[in-house]
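Asker: I am attaching a structure below and will ask some questions about it afterwards.
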Amino acid sequence: MSSPLRLGIAGLGTVGIGVVKIVQKHAELLARRSGRDVTITAISARDRLKNRDADLSAYRWENDPVAVARADDVDVFVELIGGDNGIARDSIEAALRAGKDVVTANKALLAMHGQDLAELAESLGRAIRFEAAVAGGIPVIKAMTESLAGNDISRVMGVMNGTCNYILTRMESAGLPYEAVFEEARQLGYLEADPTLDVGGIDAGHKLAILSAIAFGTQVDFGAVEIEGIERVSIDDIRRAADLGYRIKLLGVAQMTARGLEQRMSPCLVPADSPLGQLHGGTNMVVVEGDSVGQIVLRGAGAGEGPTASAVLSDIVEIARGVRLPVFGQPAASLTAAQPARTAVPAAYYLRLELQDKPGALAKIATVLGDAGISIDRMRQYGQHSDSSVPVLVVTHKTTPDAIDFAIEALPRTGVLVSDPVELRIEEV
Ligand code: NAP
Ligand code: HSE
């Protein structure tokens, strides 16, 4: 058997401790699969005295993650601290420069600085692996870089933030408003320290930007992702969408078009009986479409100690086996700077309008939509909501985001709306 693969782990929180536990529990299994022992030599976190639910006495403690990254007795630096800059980036760069391979779960860092880090790693002949960074335990990075390497990928999409999916499904099942379920999620410890990363769609946007780079051979470009979070999704819309046979999901879609690369992360309606519509709670799902393979659906736990550590271990075993892939599936120097394109691919839209209950109101709405070039597929009016207003739902035929924007701007000028119109894209899945 070859010499052991020696790990230095920085970050001993949810994921870091999960990794330690798997290395301890499955030492023999990992050795068999890797062809060599996998051991931990050095560890680092902020607080040495914290009780961490694992026996760490055999490992050397370093206060500074950079010391772990540079240590002579470390072959692979495992960064599980997080953050799109600072110590996570400094320690990864130090590890690469010291000749170590890197494993990380840090989607924020890769989404913001993935190209620079990939160029650095590849210029030094080192690997950066990050299976855990997107969709937790789901092996989507390996599926896309390896298993689907023979495909021209046309579209990648999915639900990539478990917290948002939990909030949206719980709102529907319990009939609770957003604010109440957000508070529940906070109590359950689901939210990131900065909750806007989750509910603002940023965390999921980071993940989509990483998948786009692999799918389309482009430099990761988080700044070009059109992002809208779930904060404005109301229980009313969840109920009305259900009436029409849809569920609302925070959905990421990336596709290459003739105008450039569209990347968006936003609340969308999906058919309730589709695989994405059937996704409940904190589970993630990624759908990839390739020219030869057709559609692939990957589903599983997108977060948590076990699933995320499982993904980290898959990278460690890959490196232990001597496999060193380009960071984004092809040499970093060959990744092109994609032309970002605002979403223009037509789709059906859901509109919820609260109208004054008076003669001619619906006709005025229909005129605005007609003027915008929008054709109505279905329209449903409910009984009076209050003394003087009625909710009206419209499902349009396929139309462009520009046409919808035009209509949304014009609708208040009809003088028959009692509140702002709500529009949500209906995504074909
Ligand atoms: P976490 O529980 O907050 O743990 C972070 C760890 O980093 C802690 O052990 C902390 O030390 C340590 N740390 C923070 N600042 C440090 C510093 N300056 N020097 C040394 N150590 C420092 O985070 P996590 O949930 O395990 O997430 C880790 C990474 O995995 C992040 O990039 C995250 O985005 C990613 N990820 C997490 C999940 C998940 O389900 N949690 C899923 C996918 C990806 P102390 O313990 O001493 O405070
Ligand atoms: N906050 C993330 C989520 C953690 O809810 O999916 C996993 O990346």
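Going by the structure tokens order, chains are called A, B, ..., each with residues numbered from 1, while ligands are numbered from 1 in the order shown.
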Identify all residues of stretch 284-341 of chain A in alpha helix (DSSP H) (DSSP on the backbone) and supply them as a PyMOL selection string.

Answerer: chain A and resi 305-320

Asker: Could you pull out the strand (DSSP E) residues of stretch 165-402 of chain A, going by DSSP on the backbone, and write them as a ChimeraX atom specification?

Answerer: /A:226-227,246-257,260-271,283-290,294-301,348-356,376-381,389-396

Asker: How close does each residue of chain A get to ligand 1, giving the shortest atom pair and distance in Å to one decimal for every residue with an atom at most 7 Å away, counting only C-alpha atoms and all ligand atoms, sorted by chain and residue number, as JSON lines?

Answerer:
```
{"residue": "A:Ala10", "atom": "CA", "partner": "ligand 1", "partner_atom_place_in_ligand_line": "21 (N)", "distance": 5.9}
{"residue": "A:Gly11", "atom": "CA", "partner": "ligand 1", "partner_atom_place_in_ligand_line": "7 (O)", "distance": 3.6}
{"residue": "A:Leu12", "atom": "CA", "partner": "ligand 1", "partner_atom_place_in_ligand_line": "9 (O)", "distance": 3.5}
{"residue": "A:Gly13", "atom": "CA", "partner": "ligand 1", "partner_atom_place_in_ligand_line": "4 (O)", "distance": 3.3}
{"residue": "A:Thr14", "atom": "CA", "partner": "ligand 1", "partner_atom_place_in_ligand_line": "26 (O)", "distance": 3.7}
{"residue": "A:Val15", "atom": "CA", "partner": "ligand 1", "partner_atom_place_in_ligand_line": "26 (O)", "distance": 3.8}
{"residue": "A:Gly16", "atom": "CA", "partner": "ligand 1", "partner_atom_place_in_ligand_line": "26 (O)", "distance": 5.6}
{"residue": "A:Ser44", "atom": "CA", "partner": "ligand 1", "partner_atom_place_in_ligand_line": "20 (C)", "distance": 5.6}
{"residue": "A:Ala45", "atom": "CA", "partner": "ligand 1", "partner_atom_place_in_ligand_line": "21 (N)", "distance": 3.3}
{"residue": "A:Arg46", "atom": "CA", "partner": "ligand 1", "partner_atom_place_in_ligand_line": "47 (O)", "distance": 3.4}
{"residue": "A:Asp47", "atom": "CA", "partner": "ligand 1", "partner_atom_place_in_ligand_line": "47 (O)", "distance": 3.7}
{"residue": "A:Arg48", "atom": "CA", "partner": "ligand 1", "partner_atom_place_in_ligand_line": "47 (O)", "distance": 6.4}
{"residue": "A:Lys50", "atom": "CA", "partner": "ligand 1", "partner_atom_place_in_ligand_line": "47 (O)", "distance": 6.6}
{"residue": "A:Asn63", "atom": "CA", "partner": "ligand 1", "partner_atom_place_in_ligand_line": "20 (C)", "distance": 6.8}
{"residue": "A:Asp64", "atom": "CA", "partner": "ligand 1", "partner_atom_place_in_ligand_line": "19 (N)", "distance": 6.1}
{"residue": "A:Pro65", "atom": "CA", "partner": "ligand 1", "partner_atom_place_in_ligand_line": "20 (C)", "distance": 5.6}
{"residue": "A:Leu80", "atom": "CA", "partner": "ligand 1", "partner_atom_place_in_ligand_line": "28 (C)", "distance": 4.3}
{"residue": "A:Ile81", "atom": "CA", "partner": "ligand 1", "partner_atom_place_in_ligand_line": "7 (O)", "distance": 3.5}
{"residue": "A:Gly82", "atom": "CA", "partner": "ligand 1", "partner_atom_place_in_ligand_line": "32 (O)", "distance": 3.2}
{"residue": "A:Gly83", "atom": "CA", "partner": "ligand 1", "partner_atom_place_in_ligand_line": "32 (O)", "distance": 6.1}
{"residue": "A:Ile87", "atom": "CA", "partner": "ligand 1", "partner_atom_place_in_ligand_line": "18 (N)", "distance": 5.8}
{"residue": "A:Ala105", "atom": "CA", "partner": "ligand 1", "partner_atom_place_in_ligand_line": "30 (O)", "distance": 4.4}
{"residue": "A:Asn106", "atom": "CA", "partner": "ligand 1", "partner_atom_place_in_ligand_line": "32 (O)", "distance": 3.5}
{"residue": "A:Lys107", "atom": "CA", "partner": "ligand 1", "partner_atom_place_in_ligand_line": "34 (O)", "distance": 5.9}
{"residue": "A:Ala108", "atom": "CA", "partner": "ligand 1", "partner_atom_place_in_ligand_line": "34 (O)", "distance": 6.8}
{"residue": "A:Ala132", "atom": "CA", "partner": "ligand 1", "partner_atom_place_in_ligand_line": "43 (C)", "distance": 5.4}
{"residue": "A:Ala133", "atom": "CA", "partner": "ligand 1", "partner_atom_place_in_ligand_line": "44 (C)", "distance": 4.9}
{"residue": "A:Val134", "atom": "CA", "partner": "ligand 1", "partner_atom_place_in_ligand_line": "43 (C)", "distance": 6.7}
{"residue": "A:Ala135", "atom": "CA", "partner": "ligand 1", "partner_atom_place_in_ligand_line": "43 (C)", "distance": 6.9}
{"residue": "A:Gly136", "atom": "CA", "partner": "ligand 1", "partner_atom_place_in_ligand_line": "43 (C)", "distance": 4.8}
{"residue": "A:Gly302", "atom": "CA", "partner": "ligand 1", "partner_atom_place_in_ligand_line": "42 (C)", "distance": 6.6}
{"residue": "A:Ala303", "atom": "CA", "partner": "ligand 1", "partner_atom_place_in_ligand_line": "40 (O)", "distance": 3.5}
{"residue": "A:Gly304", "atom": "CA", "partner": "ligand 1", "partner_atom_place_in_ligand_line": "40 (O)", "distance": 3.7}
{"residue": "A:Glu305", "atom": "CA", "partner": "ligand 1", "partner_atom_place_in_ligand_line": "40 (O)", "distance": 5.9}
{"residue": "A:Thr308", "atom": "CA", "partner": "ligand 1", "partner_atom_place_in_ligand_line": "42 (C)", "distance": 5.3}
```

Asker: Fewer than 4 positions away in the same chain doesn't count, so skip those; otherwise give me all residues within 9 Å of stretch 319-328 of chain A, counting only C-alpha atoms, as a compact mmCIF listing (two decimals) with C-alpha atoms, in the first residue's frame.

Answerer:
```txt
# COMPACT_ATOMS: atom_id res chain seq x y z
CA PRO A 4 -0.98 7.51 3.87
CA LEU A 5 -2.78 10.55 2.54
CA ARG A 33 -11.16 2.33 -1.67
CA SER A 34 -8.26 4.77 -1.79
CA GLY A 35 -5.49 2.17 -1.94
CA ARG A 36 -3.86 3.93 1.02
CA ASP A 37 -4.67 5.04 4.55
CA VAL A 38 -6.43 8.38 4.93
CA VAL A 76 -4.42 17.75 1.33
CA ASP A 101 -4.18 19.76 -3.08
CA GLY A 114 -13.20 30.43 -8.76
CA GLN A 115 -11.40 31.45 -11.94
CA LEU A 117 -8.14 29.97 -7.79
CA ALA A 118 -8.45 27.49 -10.68
CA GLU A 119 -5.70 29.28 -12.63
CA ALA A 121 -4.06 25.63 -8.78
CA GLU A 122 -3.52 24.49 -12.36
CA GLY A 125 -0.18 21.37 -10.87
CA ARG A 126 -2.55 21.06 -7.90
CA ALA A 127 -6.23 20.13 -7.60
CA ILE A 128 -9.12 21.95 -5.99
CA ARG A 129 -12.16 19.70 -5.49
CA PHE A 130 -15.52 20.97 -4.24
CA ILE A 141 -20.05 18.12 -9.69
CA THR A 145 -17.45 16.96 -14.97
CA ILE A 210 -20.47 27.18 -10.34
CA LEU A 211 -22.64 24.72 -12.27
CA ALA A 213 -19.06 27.24 -15.50
CA ILE A 214 -18.84 23.46 -15.67
CA ALA A 215 -21.84 23.08 -17.99
CA GLY A 217 -17.02 25.85 -20.24
CA THR A 218 -17.21 29.46 -19.11
CA GLN A 219 -15.47 31.42 -16.38
CA VAL A 220 -17.60 31.41 -13.25
CA SER A 314 -15.62 11.71 -2.18
CA ASP A 315 -13.11 14.42 -3.13
CA ALA A 332 -8.92 27.01 -16.49
CA LEU A 335 -12.68 28.64 -19.98
```

Asker: Rank A:Gln381, A:Ser154, A:Thr343, A:Gln330 by their smallest atom-to-atom distance to A:Glu289, using only C-alpha atoms, and report the top residue only.

Answerer: A:Ser154

Asker: So which residues touch stretch 186-196 of chain A within 12 Å, counting only C-alpha atoms, skipping near sequence neighbours fewer than 3 positions away, as a VMD selection string?

Answerer: chain A and resid 14 82 to 83 161 to 167 179 to 183 199 to 205 227 to 231 281 to 282 302 to 304

Asker: Those residues you just picked out, can you put them in a file as an mmCIF file, in the first residue's frame with N, CA and C atoms?

Answerer:
```
data_model
loop_
_atom_site.group_PDB
_atom_site.id
_atom_site.type_symbol
_atom_site.label_atom_id
_atom_site.label_comp_id
_atom_site.auth_asym_id
_atom_site.auth_seq_id
_atom_site.Cartn_x
_atom_site.Cartn_y
_atom_site.Cartn_z
ATOM 1 N N THR A 14 -20.106 22.242 11.528
ATOM 2 C CA THR A 14 -21.008 21.169 11.074
ATOM 3 C C THR A 14 -20.291 20.233 10.099
ATOM 4 N N GLY A 82 -15.434 28.621 5.416
ATOM 5 C CA GLY A 82 -16.477 29.385 4.714
ATOM 6 C C GLY A 82 -16.086 30.840 4.551
ATOM 7 N N GLY A 83 -16.880 31.534 3.729
ATOM 8 C CA GLY A 83 -16.616 32.961 3.479
ATOM 9 C C GLY A 83 -15.985 33.164 2.122
ATOM 10 N N ASN A 161 -31.167 25.424 -2.657
ATOM 11 C CA ASN A 161 -31.086 25.923 -1.285
ATOM 12 C C ASN A 161 -32.183 25.255 -0.470
ATOM 13 N N GLY A 162 -31.736 24.365 0.423
ATOM 14 C CA GLY A 162 -32.686 23.575 1.207
ATOM 15 C C GLY A 162 -33.532 24.442 2.126
ATOM 16 N N THR A 163 -32.931 25.499 2.655
ATOM 17 C CA THR A 163 -33.668 26.360 3.594
ATOM 18 C C THR A 163 -34.863 26.997 2.892
ATOM 19 N N CYS A 164 -34.647 27.518 1.698
ATOM 20 C CA CYS A 164 -35.759 28.146 0.959
ATOM 21 C C CYS A 164 -36.818 27.116 0.620
ATOM 22 N N ASN A 165 -36.390 25.914 0.226
ATOM 23 C CA ASN A 165 -37.393 24.907 -0.122
ATOM 24 C C ASN A 165 -38.183 24.485 1.111
ATOM 25 N N TYR A 166 -37.481 24.430 2.247
ATOM 26 C CA TYR A 166 -38.199 24.131 3.503
ATOM 27 C C TYR A 166 -39.242 25.217 3.776
ATOM 28 N N ILE A 167 -38.844 26.466 3.656
ATOM 29 C CA ILE A 167 -39.762 27.577 3.971
ATOM 30 C C ILE A 167 -40.973 27.530 3.037
ATOM 31 N N GLU A 179 -43.287 35.187 7.153
ATOM 32 C CA GLU A 179 -42.589 35.655 8.360
ATOM 33 C C GLU A 179 -42.595 34.586 9.452
ATOM 34 N N ALA A 180 -43.727 33.881 9.607
ATOM 35 C CA ALA A 180 -43.845 32.866 10.662
ATOM 36 C C ALA A 180 -42.918 31.688 10.367
ATOM 37 N N VAL A 181 -42.858 31.266 9.115
ATOM 38 C CA VAL A 181 -42.022 30.105 8.785
ATOM 39 C C VAL A 181 -40.539 30.484 8.804
ATOM 40 N N PHE A 182 -40.247 31.715 8.409
ATOM 41 C CA PHE A 182 -38.858 32.196 8.496
ATOM 42 C C PHE A 182 -38.389 32.075 9.953
ATOM 43 N N GLU A 183 -39.237 32.471 10.890
ATOM 44 C CA GLU A 183 -38.885 32.417 12.303
ATOM 45 C C GLU A 183 -38.692 30.967 12.755
ATOM 46 N N VAL A 199 -32.426 33.308 2.034
ATOM 47 C CA VAL A 199 -33.735 33.764 1.511
ATOM 48 C C VAL A 199 -33.582 34.802 0.404
ATOM 49 N N GLY A 200 -32.421 35.432 0.321
ATOM 50 C CA GLY A 200 -32.182 36.393 -0.754
ATOM 51 C C GLY A 200 -31.709 35.721 -2.037
ATOM 52 N N GLY A 201 -31.566 34.390 -2.015
ATOM 53 C CA GLY A 201 -31.206 33.652 -3.230
ATOM 54 C C GLY A 201 -29.710 33.685 -3.546
ATOM 55 N N ILE A 202 -28.915 34.278 -2.652
ATOM 56 C CA ILE A 202 -27.488 34.461 -2.964
ATOM 57 C C ILE A 202 -26.725 33.128 -2.892
ATOM 58 N N ASP A 203 -26.975 32.368 -1.819
ATOM 59 C CA ASP A 203 -26.313 31.063 -1.683
ATOM 60 C C ASP A 203 -26.641 30.176 -2.898
ATOM 61 N N ALA A 204 -27.906 30.140 -3.276
ATOM 62 C CA ALA A 204 -28.293 29.313 -4.429
ATOM 63 C C ALA A 204 -27.687 29.893 -5.714
ATOM 64 N N GLY A 205 -27.586 31.232 -5.792
ATOM 65 C CA GLY A 205 -26.960 31.869 -6.956
ATOM 66 C C GLY A 205 -25.489 31.493 -7.069
ATOM 67 N N ILE A 227 -30.742 37.581 -9.717
ATOM 68 C CA ILE A 227 -31.164 36.941 -8.459
ATOM 69 C C ILE A 227 -32.355 37.645 -7.845
ATOM 70 N N GLU A 228 -33.333 36.845 -7.465
ATOM 71 C CA GLU A 228 -34.430 37.359 -6.655
ATOM 72 C C GLU A 228 -34.709 36.308 -5.584
ATOM 73 N N GLY A 229 -34.846 36.743 -4.347
ATOM 74 C CA GLY A 229 -35.068 35.793 -3.254
ATOM 75 C C GLY A 229 -36.539 35.462 -3.073
ATOM 76 N N ILE A 230 -36.829 34.801 -1.956
ATOM 77 C CA ILE A 230 -38.216 34.347 -1.721
ATOM 78 C C ILE A 230 -38.988 35.273 -0.789
ATOM 79 N N GLU A 231 -38.389 36.418 -0.418
ATOM 80 C CA GLU A 231 -39.027 37.268 0.597
ATOM 81 C C GLU A 231 -40.400 37.776 0.168
ATOM 82 N N GLY A 281 -39.497 19.962 1.683
ATOM 83 C CA GLY A 281 -38.558 20.192 2.781
ATOM 84 C C GLY A 281 -37.203 20.658 2.305
ATOM 85 N N GLY A 282 -36.158 20.220 3.027
ATOM 86 C CA GLY A 282 -34.806 20.726 2.756
ATOM 87 C C GLY A 282 -34.089 20.014 1.626
ATOM 88 N N GLY A 302 -29.321 18.340 0.539
ATOM 89 C CA GLY A 302 -28.460 19.427 0.074
ATOM 90 C C GLY A 302 -27.634 20.060 1.164
ATOM 91 N N ALA A 303 -27.784 19.603 2.379
ATOM 92 C CA ALA A 303 -27.053 20.227 3.484
ATOM 93 C C ALA A 303 -27.014 19.267 4.665
ATOM 94 N N GLY A 304 -26.322 19.705 5.708
ATOM 95 C CA GLY A 304 -26.270 18.910 6.933
ATOM 96 C C GLY A 304 -24.942 18.194 7.069
#
```

Asker: Identify, on the basis of only C-alpha atoms, every residue whose closest approach to A:Leu7 does not exceed 6 Å; exclude the query and any residue fewer than 6 positions from it along the same chain; express the result as JSON, numbers by chain.

Answerer: {"A": [40, 41, 74, 76]}

Asker: Keeping all heavy atoms, export the residues of the selection given above as a CSV table (one decimal), in the first residue's frame.

Answerer:
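Generated file (out21.csv):
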```csv
chain,number,residue,atom,x,y,z
A,40,ILE,N,-5.7,12.0,9.5
A,40,ILE,CA,-5.8,13.5,9.8
A,40,ILE,C,-4.5,13.8,10.6
A,40,ILE,O,-4.3,13.1,11.6
A,40,ILE,CB,-7.0,13.9,10.6
A,40,ILE,CG1,-8.3,13.5,9.8
A,40,ILE,CG2,-7.0,15.3,11.0
A,40,ILE,CD1,-9.6,13.6,10.5
A,41,THR,N,-3.8,14.8,10.3
A,41,THR,CA,-2.6,15.2,11.1
A,41,THR,C,-2.8,16.5,11.8
A,41,THR,O,-2.4,16.6,13.0
A,41,THR,CB,-1.3,15.3,10.2
A,41,THR,OG1,-1.6,16.0,9.1
A,41,THR,CG2,-0.8,13.9,9.8
A,74,VAL,N,1.1,17.6,5.9
A,74,VAL,CA,-0.2,17.7,5.3
A,74,VAL,C,-0.1,17.6,3.8
A,74,VAL,O,0.7,18.3,3.2
A,74,VAL,CB,-0.9,19.0,5.7
A,74,VAL,CG1,-2.1,19.3,4.8
A,74,VAL,CG2,-1.3,19.0,7.2
A,76,VAL,N,-3.2,17.1,1.8
A,76,VAL,CA,-4.4,17.8,1.3
A,76,VAL,C,-5.0,18.7,2.4
A,76,VAL,O,-5.2,18.3,3.5
A,76,VAL,CB,-5.5,16.7,1.0
A,76,VAL,CG1,-6.8,17.4,0.6
A,76,VAL,CG2,-5.0,15.7,0.0
```

Asker: Please indicate the distance in Å from atom CA of A:Ile9 to atom CA of A:Leu29, rounded to one decimal place.

Answerer: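 Between atom CA of A:Ile9 and atom CA of A:Leu29 the gap works out to 20.0 Å.
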
Asker: Using only C-alpha atoms and all ligand atoms, which of the listed residues (A:Ala258, A:Val103, A:Met144, A:Ala309) sits closest to ligand 2?

Answerer: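 Of all the options, A:Ala309 lies closest to ligand 2.
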
Asker: Restricting the calculation to only C-alpha atoms and all ligand atoms: of A:Glu262, A:Asp72, A:Asp198, A:Glu172, which residue gets closest to ligand 2?

Answerer: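 Closest candidate: A:Asp198.
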
Asker: Compare A:Val390, A:Ala209, A:Ala143, A:Leu313 by their minimum atom-to-atom distance to A:Val293, counting only C-alpha atoms, and give me the closest one.

Answerer: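 With only C-alpha atoms as the atom set, the closest residue is A:Ala143.
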
Asker: Hey, what's within 8 Å of A:Gly158 if we count only C-alpha atoms and toss same-chain stuff fewer than 4 positions away? As a PyMOL selection string, please?

Answerer: chain A and resi 251-253+276+284-287

Asker: Can you spit out the residues from that selection as a JSON list (two decimals), in the first residue's frame, using all heavy atoms?

Answerer:
```json
[["chain", "number", "residue", "atom", "x", "y", "z"],
["A", 251, "LEU", "N", -35.99, 28.58, -7.94],
["A", 251, "LEU", "CA", -35.44, 27.75, -9.01],
["A", 251, "LEU", "C", -34.30, 28.48, -9.71],
["A", 251, "LEU", "O", -34.43, 29.64, -10.11],
["A", 251, "LEU", "CB", -36.56, 27.45, -10.02],
["A", 251, "LEU", "CG", -36.25, 26.44, -11.11],
["A", 251, "LEU", "CD1", -36.04, 25.06, -10.51],
["A", 251, "LEU", "CD2", -37.38, 26.38, -12.13],
["A", 252, "GLY", "N", -33.20, 27.76, -9.88],
["A", 252, "GLY", "CA", -32.09, 28.29, -10.66],
["A", 252, "GLY", "C", -32.12, 27.69, -12.04],
["A", 252, "GLY", "O", -32.35, 26.49, -12.19],
["A", 253, "VAL", "N", -31.91, 28.53, -13.04],
["A", 253, "VAL", "CA", -31.85, 28.03, -14.43],
["A", 253, "VAL", "C", -30.67, 28.69, -15.12],
["A", 253, "VAL", "O", -30.53, 29.92, -15.06],
["A", 253, "VAL", "CB", -33.15, 28.37, -15.21],
["A", 253, "VAL", "CG1", -33.08, 27.81, -16.63],
["A", 253, "VAL", "CG2", -34.39, 27.83, -14.50],
["A", 276, "LEU", "N", -39.62, 18.50, -9.80],
["A", 276, "LEU", "CA", -39.29, 19.68, -8.98],
["A", 276, "LEU", "C", -40.48, 20.07, -8.10],
["A", 276, "LEU", "O", -40.31, 20.48, -6.95],
["A", 276, "LEU", "CB", -38.87, 20.85, -9.87],
["A", 276, "LEU", "CG", -37.43, 20.77, -10.39],
["A", 276, "LEU", "CD1", -37.24, 21.72, -11.57],
["A", 276, "LEU", "CD2", -36.42, 21.10, -9.30],
["A", 284, "ASN", "N", -32.70, 18.92, -2.04],
["A", 284, "ASN", "CA", -32.28, 19.64, -3.26],
["A", 284, "ASN", "C", -32.51, 18.76, -4.48],
["A", 284, "ASN", "O", -32.59, 17.53, -4.37],
["A", 284, "ASN", "CB", -30.78, 19.95, -3.23],
["A", 284, "ASN", "CG", -30.40, 21.14, -2.34],
["A", 284, "ASN", "OD1", -29.30, 21.66, -2.43],
["A", 284, "ASN", "ND2", -31.29, 21.56, -1.46],
["A", 285, "MET", "N", -32.60, 19.40, -5.63],
["A", 285, "MET", "CA", -32.70, 18.65, -6.89],
["A", 285, "MET", "C", -31.99, 19.43, -7.98],
["A", 285, "MET", "O", -32.16, 20.65, -8.09],
["A", 285, "MET", "CB", -34.17, 18.45, -7.28],
["A", 285, "MET", "CG", -34.35, 17.64, -8.54],
["A", 285, "MET", "SD", -36.08, 17.32, -8.89],
["A", 285, "MET", "CE", -36.45, 16.02, -7.74],
["A", 286, "VAL", "N", -31.20, 18.73, -8.77],
["A", 286, "VAL", "CA", -30.54, 19.37, -9.91],
["A", 286, "VAL", "C", -30.92, 18.58, -11.16],
["A", 286, "VAL", "O", -30.87, 17.35, -11.17],
["A", 286, "VAL", "CB", -29.00, 19.40, -9.74],
["A", 286, "VAL", "CG1", -28.35, 20.11, -10.93],
["A", 286, "VAL", "CG2", -28.61, 20.09, -8.44],
["A", 287, "VAL", "N", -31.32, 19.32, -12.19],
["A", 287, "VAL", "CA", -31.73, 18.71, -13.46],
["A", 287, "VAL", "C", -30.72, 19.18, -14.51],
["A", 287, "VAL", "O", -30.47, 20.39, -14.64],
["A", 287, "VAL", "CB", -33.15, 19.18, -13.85],
["A", 287, "VAL", "CG1", -33.58, 18.57, -15.18],
["A", 287, "VAL", "CG2", -34.15, 18.83, -12.74]]
```

Asker: As a list in words, please: the residues near A:Cys268 (cut-off 7 Å, only C-alpha atoms, same-chain neighbours under 2 positions excluded).

Answerer: Ile248, Lys249, Leu250, Leu251, Ser266, Val270, Leu424, Arg425, Ile426 and Glu427 of chain A

Asker: With only C-alpha atoms as the atoms that count, which of A:His280, A:Arg70, A:Arg299, A:Arg264 lies nearest to A:Ala344?

Answerer: A:Arg264

Asker: For A:Ile92, which residue out of A:Gly8, A:Pro359, A:Gly175, A:Gly137 is the nearest one, using only C-alpha atoms?

Answerer: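 For A:Ile92, the nearest of the candidates is A:Gly8.
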
Asker: How many Å lie between atom CA of A:Leu244 and atom CA of A:Tyr349, rounded to one decimal?

Answerer: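 Distance between the two atoms: 12.2 Å.
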